[in-house]
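File shown: entry_19.json. Contents: JSON, C-alpha atoms.
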```json
[["chain", "number", "residue", "atom", "x", "y", "z"],
["C", 482, "MET", "CA", 88.48, 86.44, 78.60],
["C", 483, "VAL", "CA", 89.14, 84.56, 81.84],
["C", 484, "ARG", "CA", 90.02, 80.92, 81.35],
["C", 485, "GLY", "CA", 89.03, 78.24, 83.85],
["C", 486, "LEU", "CA", 90.93, 78.59, 87.12],
["C", 487, "GLN", "CA", 91.70, 74.87, 86.93],
["C", 488, "SER", "CA", 94.34, 75.62, 84.28],
["C", 489, "LEU", "CA", 96.51, 77.54, 86.78],
["C", 490, "ARG", "CA", 99.69, 76.21, 88.40],
["C", 491, "ARG", "CA", 98.96, 73.80, 91.24],
["C", 492, "LEU", "CA", 99.89, 75.47, 94.51],
["C", 493, "HIS", "CA", 101.29, 73.46, 97.39],
["C", 494, "ILE", "CA", 99.19, 74.06, 100.52],
["C", 495, "LEU", "CA", 99.90, 72.89, 104.06],
["C", 496, "VAL", "CA", 96.69, 72.74, 106.10],
["C", 497, "VAL", "CA", 97.20, 72.69, 109.87],
["C", 498, "GLU", "CA", 93.90, 71.44, 111.22],
["C", 499, "ASN", "CA", 93.15, 68.75, 113.80],
["C", 500, "ASP", "CA", 89.48, 68.26, 112.91],
["C", 501, "PRO", "CA", 89.32, 65.57, 110.18],
["C", 502, "ASN", "CA", 85.91, 66.81, 108.99],
["C", 503, "ALA", "CA", 87.12, 70.39, 108.60],
["C", 504, "CYS", "CA", 90.25, 69.17, 106.88],
["C", 505, "GLY", "CA", 88.15, 67.10, 104.48],
["C", 506, "ARG", "CA", 85.99, 70.12, 103.66],
["C", 507, "ILE", "CA", 89.05, 72.23, 102.90],
["C", 508, "GLN", "CA", 90.56, 69.52, 100.68],
["C", 509, "GLN", "CA", 87.26, 69.09, 98.87],
["C", 510, "ALA", "CA", 86.94, 72.86, 98.39],
["C", 511, "LEU", "CA", 90.41, 73.20, 96.94],
["C", 512, "GLY", "CA", 89.96, 70.30, 94.53],
["C", 513, "SER", "CA", 92.60, 69.35, 92.00],
["C", 514, "GLY", "CA", 94.10, 72.83, 91.56],
["C", 515, "PHE", "CA", 96.14, 72.44, 94.73],
["C", 516, "ILE", "CA", 98.49, 69.89, 96.28],
["C", 517, "VAL", "CA", 97.25, 69.67, 99.86],
["C", 518, "GLN", "CA", 99.09, 68.21, 102.84],
["C", 519, "ASN", "CA", 97.67, 68.07, 106.34],
["C", 520, "ALA", "CA", 99.28, 68.43, 109.74],
["C", 521, "GLN", "CA", 97.25, 67.85, 112.88],
["C", 522, "SER", "CA", 99.60, 69.45, 115.42],
["C", 523, "LEU", "CA", 102.31, 72.07, 115.64],
["C", 524, "THR", "CA", 105.00, 69.38, 115.82],
["C", 525, "GLU", "CA", 103.68, 67.70, 112.70],
["C", 526, "ALA", "CA", 103.44, 71.09, 110.95],
["C", 527, "LYS", "CA", 107.07, 71.91, 111.77],
["C", 528, "LEU", "CA", 108.17, 68.51, 110.41],
["C", 529, "HIS", "CA", 106.37, 69.26, 107.14],
["C", 530, "LEU", "CA", 107.93, 72.72, 106.98],
["C", 531, "GLU", "CA", 111.42, 71.27, 107.46],
["C", 532, "LYS", "CA", 110.90, 69.02, 104.42],
["C", 533, "GLN", "CA", 109.15, 71.48, 102.12],
["C", 534, "ILE", "CA", 108.10, 75.12, 102.16],
["C", 535, "PRO", "CA", 104.47, 75.33, 100.96],
["C", 536, "ASP", "CA", 103.18, 78.13, 98.73],
["C", 537, "VAL", "CA", 100.55, 78.94, 101.36],
["C", 538, "LEU", "CA", 100.01, 77.76, 104.94],
["C", 539, "ILE", "CA", 96.40, 77.49, 106.12],
["C", 540, "CYS", "CA", 96.05, 77.18, 109.86],
["C", 541, "GLU", "CA", 93.24, 76.81, 112.39],
["C", 542, "VAL", "CA", 93.82, 78.72, 115.64],
["C", 543, "LEU", "CA", 92.10, 76.13, 117.83],
["C", 544, "LEU", "CA", 94.26, 73.00, 117.75],
["C", 545, "GLY", "CA", 93.25, 71.15, 120.92],
["C", 546, "GLN", "CA", 95.68, 72.19, 123.65],
["C", 547, "GLU", "CA", 97.79, 74.05, 121.11],
["C", 548, "SER", "CA", 97.26, 77.35, 119.30],
["C", 549, "GLY", "CA", 97.79, 78.09, 115.63],
["C", 550, "LEU", "CA", 98.97, 81.55, 116.71],
["C", 551, "ASP", "CA", 102.10, 79.92, 118.19],
["C", 552, "LEU", "CA", 102.88, 78.44, 114.78],
["C", 553, "CYS", "CA", 102.46, 81.90, 113.18],
["C", 554, "ARG", "CA", 104.87, 83.40, 115.72],
["C", 555, "PHE", "CA", 107.35, 80.53, 115.26],
["C", 556, "ILE", "CA", 107.36, 81.05, 111.47],
["C", 557, "ARG", "CA", 107.65, 84.83, 111.61],
["C", 558, "THR", "CA", 110.49, 84.82, 114.13],
["C", 559, "THR", "CA", 112.56, 82.13, 112.48],
["C", 560, "SER", "CA", 115.80, 83.28, 110.90],
["C", 561, "HIS", "CA", 115.34, 80.75, 108.09],
["C", 562, "SER", "CA", 114.43, 83.26, 105.40],
["C", 563, "PRO", "CA", 112.20, 81.28, 102.98],
["C", 564, "LEU", "CA", 110.17, 80.01, 105.93],
["C", 565, "CYS", "CA", 109.55, 83.42, 107.51],
["C", 566, "HIS", "CA", 108.01, 84.71, 104.27],
["C", 567, "ILE", "CA", 105.34, 82.01, 103.90],
["C", 568, "PRO", "CA", 101.87, 83.44, 103.27],
["C", 569, "ILE", "CA", 99.77, 82.46, 106.31],
["C", 570, "MET", "CA", 95.98, 82.30, 106.22],
["C", 571, "LEU", "CA", 94.13, 81.66, 109.47],
["C", 572, "LEU", "CA", 90.97, 79.71, 108.64],
["C", 573, "THR", "CA", 89.15, 79.49, 111.91],
["C", 574, "SER", "CA", 85.88, 79.37, 113.79],
["C", 575, "LEU", "CA", 87.03, 82.21, 116.07],
["C", 576, "THR", "CA", 85.12, 85.31, 115.02],
["C", 577, "THR", "CA", 85.61, 88.13, 117.53],
["C", 578, "LEU", "CA", 87.48, 91.33, 116.84],
["C", 579, "GLN", "CA", 90.05, 90.41, 119.51],
["C", 580, "ASP", "CA", 90.68, 87.07, 117.77],
["C", 581, "LYS", "CA", 91.27, 88.81, 114.47],
["C", 582, "VAL", "CA", 93.63, 91.40, 115.93],
["C", 583, "ALA", "CA", 95.55, 88.65, 117.74],
["C", 584, "GLY", "CA", 95.82, 86.72, 114.46],
["C", 585, "PHE", "CA", 97.39, 89.62, 112.57],
["C", 586, "ASP", "CA", 99.60, 90.47, 115.57],
["C", 587, "ALA", "CA", 100.91, 86.90, 115.53],
["C", 588, "GLY", "CA", 101.94, 87.34, 111.89],
["C", 589, "ALA", "CA", 99.02, 86.04, 109.85],
["C", 590, "ASP", "CA", 98.47, 87.67, 106.45],
["C", 591, "ASP", "CA", 94.83, 86.74, 106.06],
["C", 592, "TYR", "CA", 91.95, 85.78, 108.33],
["C", 593, "VAL", "CA", 89.02, 83.77, 107.03],
["C", 594, "VAL", "CA", 86.09, 82.82, 109.24],
["C", 595, "LYS", "CA", 84.41, 79.39, 108.96],
["C", 596, "PRO", "CA", 82.14, 78.38, 107.35],
["C", 597, "PHE", "CA", 83.77, 79.36, 104.07],
["C", 598, "ASP", "CA", 82.65, 79.55, 100.46],
["C", 599, "ALA", "CA", 84.76, 77.15, 98.37],
["C", 600, "ARG", "CA", 85.17, 79.36, 95.30],
["C", 601, "HIS", "CA", 85.96, 82.38, 97.44],
["C", 602, "LEU", "CA", 88.55, 80.43, 99.44],
["C", 603, "MET", "CA", 90.31, 79.14, 96.31],
["C", 604, "ALA", "CA", 90.60, 82.64, 94.88],
["C", 605, "ARG", "CA", 91.78, 84.14, 98.16],
["C", 606, "ILE", "CA", 94.55, 81.59, 98.52],
["C", 607, "ARG", "CA", 95.86, 82.40, 95.04],
["C", 608, "LEU", "CA", 95.60, 86.16, 95.59],
["C", 609, "LEU", "CA", 97.37, 85.87, 98.95],
["C", 610, "SER", "CA", 100.21, 83.97, 97.31],
["C", 611, "ARG", "CA", 100.49, 86.74, 94.71],
["C", 612, "ILE", "CA", 100.41, 89.52, 97.34],
["C", 613, "LYS", "CA", 103.31, 87.93, 99.22],
["C", 614, "ARG", "CA", 105.31, 87.59, 96.00],
["C", 615, "LEU", "CA", 104.75, 91.27, 95.28],
["C", 616, "GLU", "CA", 105.83, 92.17, 98.83],
["C", 617, "LYS", "CA", 108.97, 90.06, 98.44],
["C", 618, "GLN", "CA", 109.81, 91.70, 95.10],
["C", 619, "ASN", "CA", 109.39, 95.13, 96.70],
["C", 620, "ASP", "CA", 111.68, 94.19, 99.61],
["C", 621, "GLU", "CA", 114.47, 92.96, 97.30],
["K", 1174, "MET", "CA", 70.26, 107.67, 104.34],
["K", 1175, "LYS", "CA", 73.35, 105.65, 103.37],
["K", 1176, "LYS", "CA", 76.10, 105.47, 105.98],
["K", 1177, "VAL", "CA", 79.78, 105.93, 105.10],
["K", 1178, "LEU", "CA", 82.56, 104.98, 107.55],
["K", 1179, "VAL", "CA", 85.86, 106.85, 107.16],
["K", 1180, "ILE", "CA", 88.95, 105.21, 108.70],
["K", 1181, "ASP", "CA", 92.10, 107.33, 108.71],
["K", 1182, "ASP", "CA", 94.62, 108.12, 111.47],
["K", 1183, "ASN", "CA", 95.01, 111.74, 110.34],
["K", 1184, "PRO", "CA", 92.17, 113.86, 111.81],
["K", 1185, "THR", "CA", 92.70, 116.59, 109.20],
["K", 1186, "ILE", "CA", 92.28, 114.09, 106.37],
["K", 1187, "VAL", "CA", 89.20, 112.68, 108.10],
["K", 1188, "GLU", "CA", 87.66, 116.17, 108.16],
["K", 1189, "LEU", "CA", 88.53, 116.69, 104.47],
["K", 1190, "ILE", "CA", 86.91, 113.38, 103.53],
["K", 1191, "LYS", "CA", 83.85, 114.20, 105.64],
["K", 1192, "TYR", "CA", 83.59, 117.57, 103.90],
["K", 1193, "ALA", "CA", 83.98, 115.99, 100.46],
["K", 1194, "VAL", "CA", 81.41, 113.28, 101.14],
["K", 1195, "ASN", "CA", 79.00, 115.80, 102.65],
["K", 1196, "LEU", "CA", 79.15, 117.90, 99.48],
["K", 1197, "GLN", "CA", 76.94, 115.24, 98.01],
["K", 1198, "GLY", "CA", 74.71, 115.58, 101.06],
["K", 1199, "ALA", "CA", 73.30, 112.10, 100.77],
["K", 1200, "TYR", "CA", 75.39, 110.25, 103.36],
["K", 1201, "GLN", "CA", 75.68, 109.97, 107.10],
["K", 1202, "VAL", "CA", 79.42, 109.90, 107.92],
["K", 1203, "VAL", "CA", 80.94, 108.05, 110.88],
["K", 1204, "VAL", "CA", 84.67, 107.92, 111.60],
["K", 1205, "ALA", "CA", 87.46, 105.82, 113.14],
["K", 1206, "TYR", "CA", 91.12, 106.69, 113.64],
["K", 1207, "ASP", "CA", 92.96, 103.37, 113.33],
["K", 1208, "GLY", "CA", 92.45, 99.92, 111.83],
["K", 1209, "VAL", "CA", 91.22, 98.16, 114.96],
["K", 1210, "GLN", "CA", 88.80, 100.96, 115.86],
["K", 1211, "GLY", "CA", 87.70, 100.85, 112.22],
["K", 1212, "LEU", "CA", 86.98, 97.13, 112.44],
["K", 1213, "GLU", "CA", 85.01, 97.70, 115.64],
["K", 1214, "ARG", "CA", 82.93, 100.41, 113.97],
["K", 1215, "VAL", "CA", 82.24, 98.28, 110.91],
["K", 1216, "TYR", "CA", 80.53, 95.68, 113.09],
["K", 1217, "ALA", "CA", 78.81, 98.27, 115.32],
["K", 1218, "GLU", "CA", 77.63, 100.65, 112.58],
["K", 1219, "GLN", "CA", 77.18, 98.27, 109.63],
["K", 1220, "PRO", "CA", 78.04, 101.03, 107.13],
["K", 1221, "ASP", "CA", 76.98, 100.94, 103.48],
["K", 1222, "CYS", "CA", 80.49, 101.91, 102.38],
["K", 1223, "VAL", "CA", 83.93, 102.12, 104.07],
["K", 1224, "ILE", "CA", 86.75, 104.48, 103.07],
["K", 1225, "ILE", "CA", 90.08, 103.17, 104.35],
["K", 1226, "ASP", "CA", 93.58, 104.62, 104.61],
["K", 1227, "VAL", "CA", 96.51, 102.16, 104.26],
["K", 1228, "LYS", "CA", 99.17, 103.32, 106.70],
["K", 1229, "MET", "CA", 97.51, 103.22, 110.11],
["K", 1230, "PRO", "CA", 98.52, 102.09, 113.60],
["K", 1231, "ARG", "CA", 97.40, 98.74, 115.10],
["K", 1232, "MET", "CA", 96.09, 97.29, 111.83],
["K", 1233, "ASP", "CA", 96.95, 98.59, 108.37],
["K", 1234, "GLY", "CA", 94.41, 99.15, 105.61],
["K", 1235, "TYR", "CA", 95.35, 96.03, 103.62],
["K", 1236, "GLN", "CA", 94.95, 93.82, 106.71],
["K", 1237, "LEU", "CA", 91.65, 95.47, 107.49],
["K", 1238, "VAL", "CA", 90.36, 94.83, 103.96],
["K", 1239, "ARG", "CA", 91.41, 91.14, 104.09],
["K", 1240, "CYS", "CA", 89.86, 90.80, 107.53],
["K", 1241, "LEU", "CA", 86.53, 92.18, 106.28],
["K", 1242, "ARG", "CA", 86.56, 90.09, 103.10],
["K", 1243, "GLY", "CA", 87.29, 86.92, 105.10],
["K", 1244, "ASP", "CA", 84.08, 87.18, 107.10],
["K", 1245, "ALA", "CA", 80.74, 86.42, 105.42],
["K", 1246, "ARG", "CA", 79.14, 89.28, 107.36],
["K", 1247, "THR", "CA", 81.33, 91.84, 105.57],
["K", 1248, "ALA", "CA", 82.51, 89.96, 102.45],
["K", 1249, "ASN", "CA", 80.33, 92.20, 100.30],
["K", 1250, "THR", "CA", 80.60, 95.51, 102.10],
["K", 1251, "PRO", "CA", 81.66, 98.20, 99.59],
["K", 1252, "LEU", "CA", 85.29, 99.14, 100.36],
["K", 1253, "ILE", "CA", 87.40, 102.01, 99.00],
["K", 1254, "ILE", "CA", 91.07, 102.58, 99.81],
["K", 1255, "LEU", "CA", 92.07, 106.24, 99.84],
["K", 1256, "SER", "CA", 95.82, 106.39, 100.32],
["K", 1257, "ALA", "CA", 98.89, 108.54, 99.74],
["K", 1258, "MET", "CA", 100.63, 105.38, 98.49],
["K", 1259, "THR", "CA", 100.57, 105.86, 94.73],
["K", 1260, "ARG", "CA", 102.84, 103.12, 93.32],
["K", 1261, "GLU", "CA", 101.32, 100.51, 91.03],
["K", 1262, "GLU", "CA", 102.37, 97.74, 93.47],
["K", 1263, "ASP", "CA", 100.48, 99.47, 96.30],
["K", 1264, "GLN", "CA", 97.33, 99.70, 94.21],
["K", 1265, "MET", "CA", 97.70, 96.08, 93.13],
["K", 1266, "THR", "CA", 98.11, 94.94, 96.76],
["K", 1267, "GLY", "CA", 94.91, 96.79, 97.62],
["K", 1268, "LEU", "CA", 92.96, 95.23, 94.77],
["K", 1269, "LEU", "CA", 94.33, 91.74, 95.48],
["K", 1270, "SER", "CA", 93.35, 92.21, 99.14],
["K", 1271, "GLY", "CA", 89.74, 92.70, 98.04],
["K", 1272, "VAL", "CA", 89.11, 96.44, 97.90],
["K", 1273, "ASP", "CA", 86.57, 97.64, 95.30],
["K", 1274, "GLU", "CA", 88.32, 100.90, 94.39],
["K", 1275, "TYR", "CA", 91.79, 102.31, 95.08],
["K", 1276, "LEU", "CA", 91.99, 106.13, 95.08],
["K", 1277, "THR", "CA", 95.08, 108.20, 95.80],
["K", 1278, "LYS", "CA", 95.60, 111.37, 97.81],
["K", 1279, "PRO", "CA", 95.30, 114.22, 97.06],
["K", 1280, "PHE", "CA", 91.81, 113.45, 95.87],
["K", 1281, "LYS", "CA", 89.02, 115.33, 94.12],
["K", 1282, "PRO", "CA", 85.70, 115.29, 96.00],
["K", 1283, "SER", "CA", 83.92, 114.51, 92.73],
["K", 1284, "ALA", "CA", 86.17, 111.45, 92.15],
["K", 1285, "LEU", "CA", 85.54, 110.18, 95.68],
["K", 1286, "ASN", "CA", 81.78, 110.61, 95.39],
["K", 1287, "ALA", "CA", 81.75, 108.92, 91.99],
["K", 1288, "ALA", "CA", 83.69, 105.98, 93.47],
["K", 1289, "ILE", "CA", 81.21, 105.70, 96.35],
["K", 1290, "GLU", "CA", 78.33, 105.63, 93.87],
["K", 1291, "ARG", "CA", 80.06, 102.90, 91.82],
["K", 1292, "VAL", "CA", 80.85, 100.61, 94.75],
["K", 1293, "LEU", "CA", 77.37, 100.95, 96.18],
["K", 1294, "HIS", "CA", 76.05, 99.32, 93.01],
["K", 1295, "LEU", "CA", 78.41, 96.33, 92.99],
["K", 1296, "THR", "CA", 76.85, 92.91, 93.57],
["K", 1297, "PRO", "CA", 78.44, 89.79, 95.13],
["K", 1298, "ALA", "CA", 78.60, 88.34, 91.59],
["K", 1299, "ASP", "CA", 80.53, 91.43, 90.41],
["K", 1300, "ARG", "CA", 83.06, 90.92, 93.20],
["K", 1301, "GLN", "CA", 83.48, 87.22, 92.47],
["K", 1302, "ARG", "CA", 84.02, 87.97, 88.77],
["K", 1303, "ARG", "CA", 86.62, 90.62, 89.64],
["K", 1304, "MET", "CA", 88.36, 88.15, 91.96],
["K", 1305, "ASP", "CA", 88.46, 85.42, 89.31],
["K", 1306, "TYR", "CA", 89.80, 87.91, 86.79],
["K", 1307, "LEU", "CA", 92.55, 89.02, 89.18],
["K", 1308, "VAL", "CA", 93.49, 85.41, 89.91],
["K", 1309, "GLN", "CA", 93.79, 84.63, 86.22],
["K", 1310, "THR", "CA", 95.66, 87.78, 85.16],
["K", 1311, "GLN", "CA", 98.06, 87.75, 88.10],
["K", 1312, "ALA", "CA", 98.85, 84.06, 87.62],
["K", 1313, "GLU", "CA", 99.82, 84.80, 84.04],
["K", 1314, "ARG", "CA", 102.42, 87.31, 85.28],
["K", 1315, "GLU", "CA", 104.24, 84.69, 87.34]]
```

In structure tokens, what does this structure look like?
Amino acid sequence: MVRGLQSLRRLHILVVENDPNACGRIQQALGSGFIVQNAQSLTEAKLHLEKQIPDVLICEVLLGQESGLDLCRFIRTTSHSPLCHIPIMLLTSLTTLQDKVAGFDAGADDYVVKPFDARHLMARIRLLSRIKRLEKQNDE
Amino acid sequence: MKKVLVIDDNPTIVELIKYAVNLQGAYQVVVAYDGVQGLERVYAEQPDCVIIDVKMPRMDGYQLVRCLRGDARTANTPLIILSAMTREEDQMTGLLSGVDEYLTKPFKPSALNAAIERVLHLTPADRQRRMDYLVQTQAERE
């Protein structure tokens, strides 16, 4: 029998999103099962990452003059091992096939198109975290 | 007639799958030979079921499955992985990525056709229940 998902460990999520409304919707969707921090720019995101490695990074691609894809590439090419293994989910309003291919090429593990379903998003974040742990175990 | 999309970079395997699926005679089969072409064809053809290999150029099968599940237009498209990767971890990665069935090669045509029949009957509620179950059971392993 499946217990309530609220009883699961609280995952630490860094949301890189410069639209306060979108950020609010994500926080509301995740509810109390997650510890959510927000960064509004790549610089702010990197400062957060220096202090703490989140369980999952959620990132919008469109960040004003900046691109979330640059953050993906920065994370994947860093030599700092725990950082380069972070599960990255792009949660974006970009929907074309080229956008999706570019997202995976930049190093994203998952690509979710807005608008999102809250329950679906919560589950996907947890499953993505588990997939990356399995990958890490296999690599070791 | 239901439409099945087969995505595999090995043309011989594609022909085998086409043959197996056609034994049933009830499906129109369309094909793609890598992950990106597969994604293109999903949106162009809107298949009733997609059979996906894992190891493919440009975009692998797991990425393709996550990409399809992350878009409301394809979040409930029936998806089957048919792969030569037989380890338990490979199957688990496929299921966690959102695939409905994970079959291994070599495959029996009857097993593939039975899997297609099963996934065609899944509802969005079935998929959400499966997802919640996976979340719960996998969290307990950590």

What's around Thr573 of chain C at 6 Å? Count only C-alpha atoms, leave out sequence neighbours fewer than 6 positions away in its own chain, and write the answer as a short mmCIF file (atom, residue, chain, number, x, y, z; two decimals) with C-alpha atoms, keeping the file's coordinate frame.
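Produced file part-v6.cif, reproduced below:
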```cif
data_model
loop_
_atom_site.label_atom_id
_atom_site.label_comp_id
_atom_site.auth_asym_id
_atom_site.auth_seq_id
_atom_site.Cartn_x
_atom_site.Cartn_y
_atom_site.Cartn_z
CA GLU C 541 93.24 76.81 112.39
CA VAL C 594 86.09 82.82 109.24
CA LYS C 595 84.41 79.39 108.96
#
```

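Of the listed residues (K:Met1232, K:Ala1298, K:Val1227, K:Ala1287), K:Val1227 comes nearest to Gly1267 of chain K; the distances count all atoms listed in the file.
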
Set the distance at 12 Å and use only C-alpha atoms: which residues neighbour segment 560-565 of chain C once local chain neighbours fewer than 6 positions away are removed? I'd like the list as a short mmCIF file (atom, residue, chain, number, x, y, z; two decimals) with C-alpha atoms, in the coordinates of the input.
```
data_model
loop_
_atom_site.label_atom_id
_atom_site.label_comp_id
_atom_site.auth_asym_id
_atom_site.auth_seq_id
_atom_site.Cartn_x
_atom_site.Cartn_y
_atom_site.Cartn_z
CA LYS C 527 107.07 71.91 111.77
CA HIS C 529 106.37 69.26 107.14
CA LEU C 530 107.93 72.72 106.98
CA GLU C 531 111.42 71.27 107.46
CA LYS C 532 110.90 69.02 104.42
CA GLN C 533 109.15 71.48 102.12
CA ILE C 534 108.10 75.12 102.16
CA PRO C 535 104.47 75.33 100.96
CA ASP C 536 103.18 78.13 98.73
CA VAL C 537 100.55 78.94 101.36
CA LEU C 538 100.01 77.76 104.94
CA LEU C 552 102.88 78.44 114.78
CA CYS C 553 102.46 81.90 113.18
CA ARG C 554 104.87 83.40 115.72
CA GLY C 588 101.94 87.34 111.89
CA ALA C 589 99.02 86.04 109.85
CA ASP C 590 98.47 87.67 106.45
CA LYS C 613 103.31 87.93 99.22
CA ARG C 614 105.31 87.59 96.00
CA LYS C 617 108.97 90.06 98.44
#
```

Output the contact residues of chain C with respect to chain K at a cut-off of 7 Å, based on all atoms listed in the file, as an MDAnalysis selection string.
-> chainID C and resid 483 486 489 578 591:594 604 607:608 612

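Using only C-alpha atoms, the set of residues no farther than 6 Å from the position (100.1, 68.0, 107.2) comprises C:Leu495, C:Val496, C:Gln518, C:Asn519, C:Ala520, C:Ala526.
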
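Proximity ranking of K:Leu1285, K:Ile1190, K:Val1272, K:Val1292 relative to Asp1221 of chain K places K:Val1292 first, based on all atoms listed in the file.
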
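Using only C-alpha atoms, the protein and nucleic acid residues lying no more than 9 Å from Thr1259 of chain K, apart from those fewer than 3 places from it along its own chain, are Ser1256, Glu1262, Asp1263, Gln1264, Leu1276, Thr1277 and Lys1278 of chain K.
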
Set the distance at 10 Å and use only C-alpha atoms: which residues neighbour Gly1211 of chain K once local chain neighbours fewer than 6 positions away are removed? I'd like the list as a compact mmCIF listing (two decimals) with C-alpha atoms, in the coordinates of the input.
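Written file, out.txt:
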```txt
# COMPACT_ATOMS: atom_id res chain seq x y z
CA LEU K 1178 82.56 104.98 107.55
CA VAL K 1179 85.86 106.85 107.16
CA ILE K 1180 88.95 105.21 108.70
CA ASP K 1181 92.10 107.33 108.71
CA VAL K 1203 80.94 108.05 110.88
CA VAL K 1204 84.67 107.92 111.60
CA ALA K 1205 87.46 105.82 113.14
CA ALA K 1217 78.81 98.27 115.32
CA VAL K 1223 83.93 102.12 104.07
CA ILE K 1224 86.75 104.48 103.07
CA ILE K 1225 90.08 103.17 104.35
CA MET K 1232 96.09 97.29 111.83
CA GLY K 1234 94.41 99.15 105.61
CA LEU K 1237 91.65 95.47 107.49
```
